[in-house]
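Next comes entry03.tsv, with TSV, C-alpha atoms.
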```tsv
chain	number	residue	atom	x	y	z
A	10	MET	CA	3.82	115.08	99.80
A	11	PRO	CA	3.68	115.87	103.50
A	12	LYS	CA	4.90	119.31	104.58
A	13	GLN	CA	6.24	117.70	107.73
A	14	GLU	CA	7.49	114.16	108.32
A	15	VAL	CA	5.41	112.38	110.99
A	16	ALA	CA	6.54	109.86	113.61
A	17	VAL	CA	5.11	107.87	116.50
A	18	VAL	CA	7.11	108.98	119.56
A	19	GLY	CA	5.06	107.75	122.53
A	20	ILE	CA	3.05	104.57	123.09
A	21	GLY	CA	0.51	103.58	125.77
A	22	GLN	CA	-1.77	100.54	125.98
A	23	THR	CA	-3.94	99.23	128.78
A	24	LYS	CA	-4.20	95.56	129.53
A	25	PHE	CA	-7.04	94.25	127.34
A	26	ARG	CA	-9.66	92.06	128.99
A	27	SER	CA	-13.20	90.87	128.35
A	28	LYS	CA	-14.50	93.31	130.98
A	29	ARG	CA	-12.59	96.11	132.69
A	30	ARG	CA	-14.94	96.39	135.64
A	31	ASP	CA	-12.07	97.74	137.77
A	32	VAL	CA	-12.20	101.13	135.98
A	33	ASN	CA	-14.78	103.47	134.45
A	34	ILE	CA	-14.39	104.79	130.89
A	35	PRO	CA	-12.26	107.89	131.65
A	36	GLU	CA	-10.09	105.95	134.13
A	37	MET	CA	-9.46	103.24	131.55
A	38	ILE	CA	-8.53	105.75	128.84
A	39	TYR	CA	-6.29	107.67	131.23
A	40	GLU	CA	-4.24	104.51	131.86
A	41	ALA	CA	-3.18	104.50	128.19
A	42	VAL	CA	-2.85	108.31	127.95
A	43	ASP	CA	-0.68	108.51	131.07
A	44	MET	CA	1.56	105.71	129.78
A	45	ALA	CA	2.01	107.45	126.41
A	46	LEU	CA	2.80	110.81	128.02
A	47	LYS	CA	5.34	109.24	130.40
A	48	ASP	CA	6.84	107.27	127.52
A	49	ALA	CA	7.49	110.50	125.58
A	50	GLU	CA	8.35	112.43	128.78
A	51	LEU	CA	5.68	115.02	127.94
A	52	GLU	CA	3.15	116.92	130.06
A	53	PRO	CA	-0.50	117.31	129.05
A	54	GLY	CA	0.26	120.98	128.23
A	55	ASP	CA	2.79	119.90	125.56
A	56	ILE	CA	0.05	118.33	123.40
A	57	ASP	CA	-1.48	120.57	120.70
A	58	ALA	CA	-4.64	118.57	119.92
A	59	ILE	CA	-6.50	115.36	120.75
A	60	ILE	CA	-7.89	112.87	118.20
A	61	ILE	CA	-10.11	110.34	119.98
A	62	GLY	CA	-12.67	107.69	119.10
A	63	ASN	CA	-14.43	104.43	119.75
A	64	ILE	CA	-16.46	102.30	117.32
B	15	MET	CA	-20.56	105.94	118.25
B	16	ASP	CA	-23.23	106.40	120.83
B	17	HIS	CA	-25.06	103.10	120.19
B	18	PHE	CA	-22.05	101.08	121.13
B	19	GLU	CA	-21.16	102.46	124.54
B	20	GLY	CA	-24.66	103.49	125.62
B	21	ILE	CA	-23.61	107.09	126.30
B	22	ASN	CA	-24.02	110.18	124.13
B	23	PHE	CA	-21.28	112.72	123.35
B	24	SER	CA	-18.62	110.36	124.66
B	25	GLU	CA	-15.95	112.89	123.65
B	26	LEU	CA	-17.00	115.04	126.62
B	27	TRP	CA	-16.18	112.17	128.96
B	28	THR	CA	-13.14	110.95	127.13
B	29	GLY	CA	-11.45	113.76	125.16
B	30	ILE	CA	-11.57	116.34	127.92
B	31	ASP	CA	-11.70	114.35	131.13
B	32	ALA	CA	-9.51	111.32	130.38
B	33	ALA	CA	-7.31	112.76	127.63
B	34	PRO	CA	-5.95	116.26	128.31
B	35	GLY	CA	-8.28	118.12	125.93
B	36	TYR	CA	-9.24	120.98	128.21
B	37	LEU	CA	-9.07	124.23	126.16
B	38	LYS	CA	-7.54	122.32	123.22
B	39	PRO	CA	-8.92	121.16	119.86
B	40	VAL	CA	-10.60	117.76	120.34
B	41	VAL	CA	-11.70	115.70	117.33
B	42	LYS	CA	-13.86	112.59	117.69
B	43	ILE	CA	-13.77	109.96	114.96
B	44	ALA	CA	-15.96	106.87	114.58
B	45	THR	CA	-15.70	104.78	111.41
B	46	GLY	CA	-16.60	101.32	112.74
B	47	GLY	CA	-13.85	98.70	112.67
B	48	THR	CA	-11.44	101.12	111.03
B	49	THR	CA	-11.87	103.70	113.82
B	50	GLY	CA	-8.35	103.11	115.15
B	51	SER	CA	-6.67	103.45	111.75
B	52	SER	CA	-8.86	106.46	110.87
B	53	LEU	CA	-7.69	108.07	114.13
B	54	ALA	CA	-4.07	107.40	113.17
B	55	ILE	CA	-4.54	108.77	109.65
B	56	CYS	CA	-6.27	111.90	111.00
B	57	GLY	CA	-3.41	112.38	113.48
B	58	TYR	CA	-0.94	111.91	110.63
B	59	HIS	CA	-2.60	114.62	108.51
B	60	ASN	CA	-2.71	117.04	111.45
B	61	ILE	CA	1.09	116.85	111.73
B	62	ALA	CA	1.95	116.29	108.03
B	63	SER	CA	0.02	119.43	107.06
B	64	GLY	CA	2.15	121.52	109.41
B	65	ILE	CA	-0.87	122.55	111.53
B	66	TYR	CA	0.31	120.94	114.79
B	67	ASP	CA	3.66	119.79	116.21
B	68	LYS	CA	2.44	117.09	118.63
B	69	VAL	CA	-0.93	115.34	118.80
B	70	LEU	CA	-2.33	112.65	121.07
B	71	VAL	CA	-4.29	109.90	119.28
B	72	VAL	CA	-6.54	107.72	121.44
B	73	GLY	CA	-8.73	104.71	120.58
B	74	TRP	CA	-10.80	102.93	123.20
B	75	GLU	CA	-13.67	100.52	123.81
B	76	LYS	CA	-15.78	99.70	126.85
B	77	LEU	CA	-18.95	97.97	125.80
B	78	ASN	CA	-20.43	96.92	129.11
B	79	GLU	CA	-23.14	99.58	128.89
B	80	GLY	CA	-23.89	99.04	125.20
B	81	GLY	CA	-23.70	96.31	122.57
B	82	ALA	CA	-21.59	95.94	119.44
B	83	THR	CA	-23.96	93.76	117.41
B	84	THR	CA	-26.97	95.92	118.36
B	85	GLY	CA	-25.12	98.93	117.00
B	86	ILE	CA	-23.80	97.22	113.89
B	87	ILE	CA	-27.28	95.95	112.91
B	88	THR	CA	-28.54	99.53	112.62
B	89	ALA	CA	-25.84	100.27	110.02
B	90	PHE	CA	-27.22	97.80	107.47
B	91	ASP	CA	-29.98	98.26	104.91
B	92	PRO	CA	-33.16	97.17	106.73
B	93	VAL	CA	-34.78	95.37	103.76
B	94	TRP	CA	-31.95	93.78	101.80
B	95	GLU	CA	-29.23	93.16	104.34
B	96	ARG	CA	-30.45	92.95	107.91
B	97	PRO	CA	-32.03	89.49	107.62
B	98	SER	CA	-28.85	87.86	106.30
B	99	LEU	CA	-25.86	90.09	106.82
B	100	ALA	CA	-26.42	92.27	109.86
B	101	GLY	CA	-23.92	92.16	112.68
B	102	ALA	CA	-20.29	91.21	112.29
B	103	LEU	CA	-20.37	87.43	112.06
B	104	GLY	CA	-22.89	86.93	109.22
B	105	PRO	CA	-20.78	88.60	106.53
B	106	LEU	CA	-17.53	87.17	107.93
B	107	ALA	CA	-19.00	83.64	107.82
B	108	LEU	CA	-20.13	84.17	104.22
B	109	MET	CA	-16.68	85.49	103.32
B	110	ALA	CA	-15.03	82.43	104.87
B	111	GLY	CA	-17.41	79.98	103.18
B	112	MET	CA	-17.04	81.50	99.73
B	113	TYR	CA	-13.28	81.88	100.10
B	114	SER	CA	-13.00	78.24	101.12
B	115	ALA	CA	-15.18	77.10	98.20
B	116	LYS	CA	-13.27	79.22	95.68
B	117	TYR	CA	-9.72	78.24	96.63
B	118	GLY	CA	-10.03	74.98	98.60
B	119	ILE	CA	-8.76	76.51	101.84
B	120	THR	CA	-9.41	74.05	104.70
B	121	PRO	CA	-10.70	74.50	108.26
B	122	GLU	CA	-7.35	73.08	109.47
B	123	GLN	CA	-5.49	75.91	107.74
B	124	ALA	CA	-7.84	78.45	109.34
B	125	ALA	CA	-7.37	76.85	112.77
B	126	LYS	CA	-3.62	77.08	112.31
B	127	VAL	CA	-3.95	80.89	112.10
B	128	THR	CA	-5.62	80.98	115.52
B	129	VAL	CA	-2.91	78.72	116.92
B	130	LYS	CA	-0.19	80.99	115.52
B	131	ASN	CA	-1.76	84.24	116.71
B	132	ARG	CA	-2.85	83.14	120.20
B	133	SER	CA	0.56	81.56	120.85
B	134	ASN	CA	2.15	84.83	119.73
B	135	ALA	CA	-0.20	86.62	122.16
B	136	ALA	CA	1.42	84.71	125.03
B	137	ASN	CA	4.50	86.88	124.35
B	138	ASN	CA	2.46	90.11	124.59
B	139	PRO	CA	1.69	91.21	128.16
B	140	PHE	CA	-1.20	93.44	127.00
B	141	ALA	CA	-3.00	90.75	124.96
B	142	HIS	CA	-6.46	89.53	125.99
B	143	LEU	CA	-6.37	85.82	125.00
B	144	GLN	CA	-2.90	84.45	125.71
B	145	MET	CA	-2.96	80.73	124.87
B	146	PRO	CA	0.57	79.29	124.60
B	147	ASP	CA	-0.65	75.68	124.52
B	148	ILE	CA	-3.57	76.03	122.06
B	149	THR	CA	-3.87	73.26	119.43
B	150	ILE	CA	-5.53	72.87	116.03
B	151	ASP	CA	-7.88	70.21	117.51
B	152	TYR	CA	-8.95	72.62	120.27
B	153	VAL	CA	-9.92	75.26	117.69
B	154	MET	CA	-11.64	72.74	115.41
B	155	SER	CA	-13.68	71.18	118.21
B	156	SER	CA	-15.01	74.51	119.51
B	157	GLN	CA	-18.69	75.24	118.88
B	158	VAL	CA	-19.92	76.46	115.51
B	159	ILE	CA	-20.91	80.13	115.71
B	160	SER	CA	-21.92	80.68	112.07
B	161	TYR	CA	-20.72	78.03	109.61
B	162	PRO	CA	-17.82	77.65	108.86
B	163	LEU	CA	-16.75	79.90	111.76
B	164	ARG	CA	-16.16	78.19	115.08
B	165	LEU	CA	-15.76	80.03	118.37
B	166	HIS	CA	-11.96	80.05	118.18
B	167	ASP	CA	-11.96	81.15	114.53
B	168	CYS	CA	-13.43	84.43	115.81
B	169	CYS	CA	-11.90	87.41	117.56
B	170	PRO	CA	-13.03	88.17	121.12
B	171	GLN	CA	-14.66	91.40	122.28
B	172	SER	CA	-12.20	93.22	124.54
B	173	GLU	CA	-12.17	96.35	126.66
B	174	GLY	CA	-9.20	98.69	126.84
B	175	ALA	CA	-7.52	101.71	125.28
B	176	CYS	CA	-4.49	102.63	123.19
B	177	ALA	CA	-2.86	106.09	123.12
B	178	LEU	CA	-0.13	107.24	120.73
B	179	ILE	CA	1.74	110.53	120.49
B	180	PHE	CA	2.62	111.72	116.98
B	181	ALA	CA	5.18	114.47	116.37
B	182	ASN	CA	6.87	116.28	113.50
B	183	GLU	CA	10.57	115.74	112.76
B	184	LYS	CA	11.90	118.56	114.94
B	185	GLU	CA	9.89	117.48	117.99
B	186	ALA	CA	10.33	113.74	117.37
B	187	LYS	CA	14.11	114.00	117.50
B	188	LYS	CA	13.92	115.80	120.86
B	189	ILE	CA	11.68	113.09	122.32
B	190	THR	CA	13.27	109.80	121.24
B	191	ASP	CA	16.26	108.32	119.41
B	192	THR	CA	14.00	105.76	117.75
B	193	PRO	CA	10.89	107.40	116.25
B	194	ALA	CA	8.69	105.20	114.06
B	195	TRP	CA	8.20	107.25	110.87
B	196	PHE	CA	5.13	107.12	108.66
B	197	HIS	CA	6.05	106.29	105.07
B	198	ALA	CA	2.53	105.94	103.69
B	199	VAL	CA	-1.10	106.14	104.80
B	200	GLU	CA	-3.85	105.01	102.43
B	201	THR	CA	-7.60	104.50	102.69
B	202	ALA	CA	-9.82	102.67	100.20
B	203	HIS	CA	-13.61	102.60	100.35
B	204	TYR	CA	-15.87	100.17	98.59
B	205	TYR	CA	-19.46	99.30	99.11
B	206	THR	CA	-22.22	97.52	97.38
B	207	PHE	CA	-25.20	95.72	98.84
B	208	GLY	CA	-23.63	92.90	100.79
B	209	THR	CA	-25.75	90.30	99.03
B	210	ASP	CA	-24.38	91.43	95.65
B	211	ASP	CA	-20.75	91.24	96.73
B	212	LYS	CA	-18.44	88.31	96.06
B	213	MET	CA	-17.31	88.64	99.71
B	214	TYR	CA	-13.74	87.42	99.35
B	215	ASP	CA	-10.47	88.83	97.94
B	216	LEU	CA	-11.10	92.12	99.88
B	217	PRO	CA	-10.60	94.61	96.98
B	218	THR	CA	-10.02	97.60	99.26
B	219	ALA	CA	-6.98	95.90	100.81
B	220	THR	CA	-5.48	95.40	97.35
B	221	ILE	CA	-6.19	99.00	96.29
B	222	ALA	CA	-4.91	100.60	99.52
B	223	SER	CA	-1.82	98.39	99.81
B	224	LYS	CA	-0.78	98.93	96.17
B	225	LYS	CA	-0.93	102.71	96.68
B	226	ALA	CA	0.95	102.47	99.98
B	227	TYR	CA	3.68	100.24	98.51
B	228	LYS	CA	4.16	102.65	95.61
B	229	ARG	CA	4.45	105.62	97.98
B	230	ALA	CA	6.85	103.78	100.32
B	231	GLY	CA	8.98	102.29	97.53
B	232	ILE	CA	8.03	98.69	98.34
B	233	LYS	CA	8.34	96.41	95.32
B	234	ASN	CA	8.05	92.97	96.93
B	235	PRO	CA	6.15	93.15	100.24
B	236	ILE	CA	7.44	89.75	101.47
B	237	LYS	CA	11.05	90.85	101.07
B	238	ASP	CA	10.76	94.61	101.66
B	239	LEU	CA	8.54	94.50	104.77
B	240	ASP	CA	9.93	93.03	107.99
B	241	VAL	CA	6.67	92.58	109.92
B	242	ALA	CA	2.93	93.08	109.40
B	243	GLU	CA	0.17	93.78	111.92
B	244	ILE	CA	-3.04	93.07	110.06
B	245	TYR	CA	-6.70	93.35	111.10
B	246	GLU	CA	-8.00	89.76	111.02
B	247	PRO	CA	-11.44	89.48	112.66
B	248	THR	CA	-11.44	85.73	111.89
B	249	SER	CA	-8.80	83.11	111.22
B	250	TRP	CA	-10.09	82.75	107.64
B	251	SER	CA	-9.72	86.51	107.08
B	252	GLU	CA	-5.99	86.44	107.81
B	253	LEU	CA	-5.46	83.84	105.08
B	254	SER	CA	-7.56	85.77	102.58
B	255	TRP	CA	-6.12	89.17	103.43
B	256	THR	CA	-2.48	88.13	103.22
B	257	GLU	CA	-3.43	87.48	99.59
B	258	ALA	CA	-5.25	90.82	99.20
B	259	LEU	CA	-2.23	92.65	100.63
B	260	GLY	CA	-0.04	91.08	97.95
B	261	PHE	CA	2.00	88.83	100.27
B	262	CYS	CA	1.11	85.95	97.91
B	263	LYS	CA	-1.09	85.18	94.90
B	264	PRO	CA	-4.90	84.86	95.26
B	265	GLY	CA	-5.66	81.42	96.68
B	266	ASP	CA	-2.18	80.94	98.16
B	267	GLY	CA	-2.92	82.27	101.70
B	268	GLY	CA	-3.05	78.73	103.11
B	269	LYS	CA	0.22	77.81	101.38
B	270	LEU	CA	1.90	80.99	102.72
B	271	LEU	CA	0.95	79.92	106.25
B	272	ASP	CA	1.87	76.23	105.72
B	273	GLU	CA	5.32	77.28	104.50
B	274	GLY	CA	5.85	79.15	107.78
B	275	ILE	CA	6.43	82.53	106.13
B	276	THR	CA	3.99	84.35	108.44
B	277	GLN	CA	5.22	82.62	111.62
B	278	MET	CA	7.46	84.48	114.10
B	279	SER	CA	10.50	82.75	112.60
B	280	GLY	CA	9.34	83.29	108.99
B	281	GLU	CA	10.32	85.79	106.33
B	282	LEU	CA	7.37	88.10	107.08
B	283	PRO	CA	5.91	87.51	110.57
B	284	VAL	CA	2.21	88.45	110.63
B	285	ASN	CA	0.73	89.59	113.94
B	286	PRO	CA	3.54	88.98	116.49
B	287	SER	CA	1.26	90.75	119.00
B	288	GLY	CA	-1.37	88.02	118.66
B	289	GLY	CA	-3.47	90.14	116.33
B	290	VAL	CA	-7.19	90.77	116.47
B	291	LEU	CA	-7.92	87.07	117.08
B	292	SER	CA	-6.34	87.59	120.51
B	293	THR	CA	-7.33	91.18	121.35
B	294	ASN	CA	-10.24	93.21	119.98
B	295	PRO	CA	-11.10	96.48	121.78
B	296	ILE	CA	-13.00	97.54	118.65
B	297	GLY	CA	-12.36	101.31	118.47
B	298	ALA	CA	-8.75	100.75	119.57
B	299	THR	CA	-8.10	97.58	117.54
B	300	ALA	CA	-6.72	99.23	114.39
B	301	LEU	CA	-4.74	101.76	116.47
B	302	VAL	CA	-3.15	98.82	118.32
B	303	ARG	CA	-1.95	97.60	114.89
B	304	VAL	CA	-0.15	100.96	114.48
B	305	ALA	CA	1.17	100.82	118.06
B	306	GLU	CA	2.51	97.29	117.57
B	307	ALA	CA	4.09	98.22	114.21
B	308	ALA	CA	5.78	101.18	115.94
B	309	ILE	CA	6.92	98.96	118.84
B	310	GLN	CA	8.58	96.63	116.30
B	311	ILE	CA	10.30	99.57	114.53
B	312	MET	CA	11.50	100.94	117.90
B	313	ASP	CA	12.83	97.47	118.91
B	314	ARG	CA	10.72	97.50	122.10
B	315	GLY	CA	8.73	94.31	121.57
B	316	GLY	CA	10.41	92.19	124.26
B	317	LYS	CA	9.46	88.53	123.74
B	318	ARG	CA	7.34	89.42	120.68
B	319	GLN	CA	10.13	91.43	118.96
B	320	VAL	CA	11.06	90.46	115.41
B	321	PRO	CA	14.82	91.04	114.85
B	322	ASP	CA	16.05	94.05	112.83
B	323	VAL	CA	12.76	95.62	111.78
B	324	GLU	CA	13.14	98.52	109.36
B	325	LYS	CA	9.71	98.54	107.71
B	326	ALA	CA	6.35	97.50	109.14
B	327	LEU	CA	2.80	97.39	107.79
B	328	ALA	CA	-0.30	98.17	109.86
B	329	MET	CA	-3.83	97.53	108.55
B	330	GLY	CA	-7.34	98.56	109.60
B	331	PHE	CA	-10.55	96.92	108.33
B	332	GLY	CA	-14.17	97.88	108.88
B	333	GLY	CA	-17.82	97.43	108.22
B	334	SER	CA	-18.17	98.78	104.70
B	335	LEU	CA	-15.40	96.45	103.53
B	336	TRP	CA	-13.14	99.43	103.98
B	337	THR	CA	-9.35	99.06	104.38
B	338	GLU	CA	-6.68	101.41	105.66
B	339	VAL	CA	-2.98	100.60	105.20
B	340	MET	CA	-0.03	102.31	106.81
B	341	ILE	CA	3.69	101.69	106.31
B	342	LEU	CA	6.10	102.71	109.07
B	343	GLY	CA	9.88	102.84	108.90
B	344	ASN	CA	12.93	103.42	111.07
B	345	GLU	CA	14.07	106.42	108.98
B	346	PRO	CA	12.03	109.28	107.48
B	347	LEU	CA	11.05	108.47	103.88
B	348	ARG	CA	11.97	111.87	102.35
```

For this file, produce the structure as structure tokens.
Amino acid sequence: MPKQEVAVVGIGQTKFRSKRRDVNIPEMIYEAVDMALKDAELEPGDIDAIIIGNI
Amino acid sequence: MDHFEGINFSELWTGIDAAPGYLKPVVKIATGGTTGSSLAICGYHNIASGIYDKVLVVGWEKLNEGGATTGIITAFDPVWERPSLAGALGPLALMAGMYSAKYGITPEQAAKVTVKNRSNAANNPFAHLQMPDITIDYVMSSQVISYPLRLHDCCPQSEGACALIFANEKEAKKITDTPAWFHAVETAHYYTFGTDDKMYDLPTATIASKKAYKRAGIKNPIKDLDVAEIYEPTSWSELSWTEALGFCKPGDGGKLLDEGITQMSGELPVNPSGGVLSTNPIGATALVRVAEAAIQIMDRGGKRQVPDVEKALAMGFGGSLWTEVMILGNEPLR
């Protein structure tokens, strides 16, 4: 059993395309991160930890 | 993984520069196709354990300096598997062929999955391949990639990112009136030499979904779930995996689709977002399933919203025939 219940509270997605030549890797990721932070009305300092990955 | 993007230690670029990881714990996860769902499950455990209050979970893909198939080939046994099963499409074509032979599923039924999902994608502003006017003939007359898979039976390769914020109950209630609560997260591994495997009926999906349903109190997935976002790399896989997830009996995936149950207007819409057949930013793909399940729970889907969603399923699938299943709900499970 979880000690704490867990919920999704903020969501960000970029547009998905065959090639995103308009942005580099960090810029592309930041699009989604910024959208999720704004969605939850949080600042980067409010986040305790980052879980990140690609294939 | 470094092979895929052509850069090493990508977490330095991405976890600290792009995501706000400076002076914070940063964890990098790479599990192939399931990367996105593994990220979500890791984020879940970080909150569920009581260690953290709020975590940021990010999946991404930008392959223009690397190559997916080049990377995937190195994961397979060099003697027994590389000649026949390396890459993504070889095993998926074998799965489709054997599934079709076993149950009499037709190429028309597979094409119908692509038509459903890419028309759904036209309602999703983030989706890569939005094709509102796509037809069965269009799919069936596209070029053969690896028999029986045609071009439009296959998912694309997409670039993009998905970011989710997970929080515990106290924080979640401060942030939003409509959190999407995790009711179950399950992972099932399975691997044998690919050439020894029967290659259909995805056993890990059955194992993981049965455990998840038990945990979430789901007795009849068709009735108890309101929407499912599943990881279908090919049209044939969606038919097979709706069976493996217990939405119907083995061999009835085509019938389930023909009866309209998985359509937007059906009893259990599958992939309102357009699914993987429409959008496949590999390391983000399974996290997008979680995002879209949460969007449905939060009633924020716009034109792709299914009415009155209380429970949603999200699925990840990856290279070692590995499945991850998550159930989300509009209330905490308790």

What does the distance between atom CA of B:Lys237 and atom CA of B:Ser249 come to in Å, to one decimal place?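 Between atom CA of B:Lys237 and atom CA of B:Ser249 the gap is 23.6 Å.
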
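Here atom CA of B:Asp191 and atom CA of B:Gly57 stand 20.9 Å from one another.
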
Grab the atom CA of B:Leu327 to atom CA of B:Pro162 distance for me, in Å with one decimal place. 28.6 Å

For chain A against chain B, which residues fall within 6 Å using only C-alpha atoms, given as an MDAnalysis selection string? chainID A and resid 11:28 35 38:39 41:42 49 53 56:64

Tell me which residues come within 12 Å of (-9.9, 76.7, 108.7), as a compact mmCIF listing (two decimals) with C-alpha atoms, keeping the file's coordinate frame, counting only C-alpha atoms in the file's coordinates.
```
# COMPACT_ATOMS: atom_id res chain seq x y z
CA ALA B 107 -19.00 83.64 107.82
CA ALA B 110 -15.03 82.43 104.87
CA GLY B 111 -17.41 79.98 103.18
CA TYR B 113 -13.28 81.88 100.10
CA SER B 114 -13.00 78.24 101.12
CA ALA B 115 -15.18 77.10 98.20
CA GLY B 118 -10.03 74.98 98.60
CA ILE B 119 -8.76 76.51 101.84
CA THR B 120 -9.41 74.05 104.70
CA PRO B 121 -10.70 74.50 108.26
CA GLU B 122 -7.35 73.08 109.47
CA GLN B 123 -5.49 75.91 107.74
CA ALA B 124 -7.84 78.45 109.34
CA ALA B 125 -7.37 76.85 112.77
CA LYS B 126 -3.62 77.08 112.31
CA VAL B 127 -3.95 80.89 112.10
CA THR B 128 -5.62 80.98 115.52
CA VAL B 129 -2.91 78.72 116.92
CA ILE B 150 -5.53 72.87 116.03
CA ASP B 151 -7.88 70.21 117.51
CA VAL B 153 -9.92 75.26 117.69
CA MET B 154 -11.64 72.74 115.41
CA SER B 155 -13.68 71.18 118.21
CA TYR B 161 -20.72 78.03 109.61
CA PRO B 162 -17.82 77.65 108.86
CA LEU B 163 -16.75 79.90 111.76
CA ARG B 164 -16.16 78.19 115.08
CA LEU B 165 -15.76 80.03 118.37
CA HIS B 166 -11.96 80.05 118.18
CA ASP B 167 -11.96 81.15 114.53
CA CYS B 168 -13.43 84.43 115.81
CA THR B 248 -11.44 85.73 111.89
CA SER B 249 -8.80 83.11 111.22
CA TRP B 250 -10.09 82.75 107.64
CA SER B 251 -9.72 86.51 107.08
CA GLU B 252 -5.99 86.44 107.81
CA LEU B 253 -5.46 83.84 105.08
CA SER B 254 -7.56 85.77 102.58
CA GLY B 267 -2.92 82.27 101.70
CA GLY B 268 -3.05 78.73 103.11
CA LEU B 271 0.95 79.92 106.25
```

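When all atoms listed in the file are used to compute distances to B:Asp238, the closest of the residues B:Gly260, B:Gly274, B:Gly265, B:Gly101 turns out to be B:Gly260.
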
Kindly reconstruct stretch 213-224 of chain B with N, CA and C atoms and present the result as a PDB file, keeping the file's coordinate frame.
```pdb
ATOM      1  N   MET B 213     -17.614  88.896  98.300  1.00  0.00           N
ATOM      2  CA  MET B 213     -17.310  88.640  99.710  1.00  0.00           C
ATOM      3  C   MET B 213     -15.987  87.927  99.981  1.00  0.00           C
ATOM      4  N   TYR B 214     -15.080  87.902  99.023  1.00  0.00           N
ATOM      5  CA  TYR B 214     -13.740  87.420  99.350  1.00  0.00           C
ATOM      6  C   TYR B 214     -12.770  88.266  98.543  1.00  0.00           C
ATOM      7  N   ASP B 215     -11.492  88.068  98.680  1.00  0.00           N
ATOM      8  CA  ASP B 215     -10.470  88.830  97.940  1.00  0.00           C
ATOM      9  C   ASP B 215     -10.464  90.331  98.288  1.00  0.00           C
ATOM     10  N   LEU B 216     -10.998  90.733  99.405  1.00  0.00           N
ATOM     11  CA  LEU B 216     -11.100  92.120  99.880  1.00  0.00           C
ATOM     12  C   LEU B 216     -10.449  93.170  98.953  1.00  0.00           C
ATOM     13  N   PRO B 217     -11.209  93.706  97.981  1.00  0.00           N
ATOM     14  CA  PRO B 217     -10.600  94.610  96.980  1.00  0.00           C
ATOM     15  C   PRO B 217      -9.980  95.859  97.602  1.00  0.00           C
ATOM     16  N   THR B 218     -10.562  96.368  98.685  1.00  0.00           N
ATOM     17  CA  THR B 218     -10.020  97.600  99.260  1.00  0.00           C
ATOM     18  C   THR B 218      -8.608  97.383  99.819  1.00  0.00           C
ATOM     19  N   ALA B 219      -8.325  96.181 100.293  1.00  0.00           N
ATOM     20  CA  ALA B 219      -6.980  95.900 100.810  1.00  0.00           C
ATOM     21  C   ALA B 219      -5.966  95.920  99.674  1.00  0.00           C
ATOM     22  N   THR B 220      -6.372  95.400  98.517  1.00  0.00           N
ATOM     23  CA  THR B 220      -5.480  95.400  97.350  1.00  0.00           C
ATOM     24  C   THR B 220      -5.234  96.829  96.882  1.00  0.00           C
ATOM     25  N   ILE B 221      -6.321  97.622  96.788  1.00  0.00           N
ATOM     26  CA  ILE B 221      -6.190  99.000  96.290  1.00  0.00           C
ATOM     27  C   ILE B 221      -5.318  99.832  97.251  1.00  0.00           C
ATOM     28  N   ALA B 222      -5.641  99.780  98.546  1.00  0.00           N
ATOM     29  CA  ALA B 222      -4.910 100.600  99.520  1.00  0.00           C
ATOM     30  C   ALA B 222      -3.455 100.163  99.634  1.00  0.00           C
ATOM     31  N   SER B 223      -3.204  98.851  99.628  1.00  0.00           N
ATOM     32  CA  SER B 223      -1.820  98.390  99.810  1.00  0.00           C
ATOM     33  C   SER B 223      -0.975  98.726  98.586  1.00  0.00           C
ATOM     34  N   LYS B 224      -1.556  98.590  97.384  1.00  0.00           N
ATOM     35  CA  LYS B 224      -0.780  98.930  96.170  1.00  0.00           C
ATOM     36  C   LYS B 224      -0.346 100.390  96.194  1.00  0.00           C
TER      37      LYS B 224
END
```
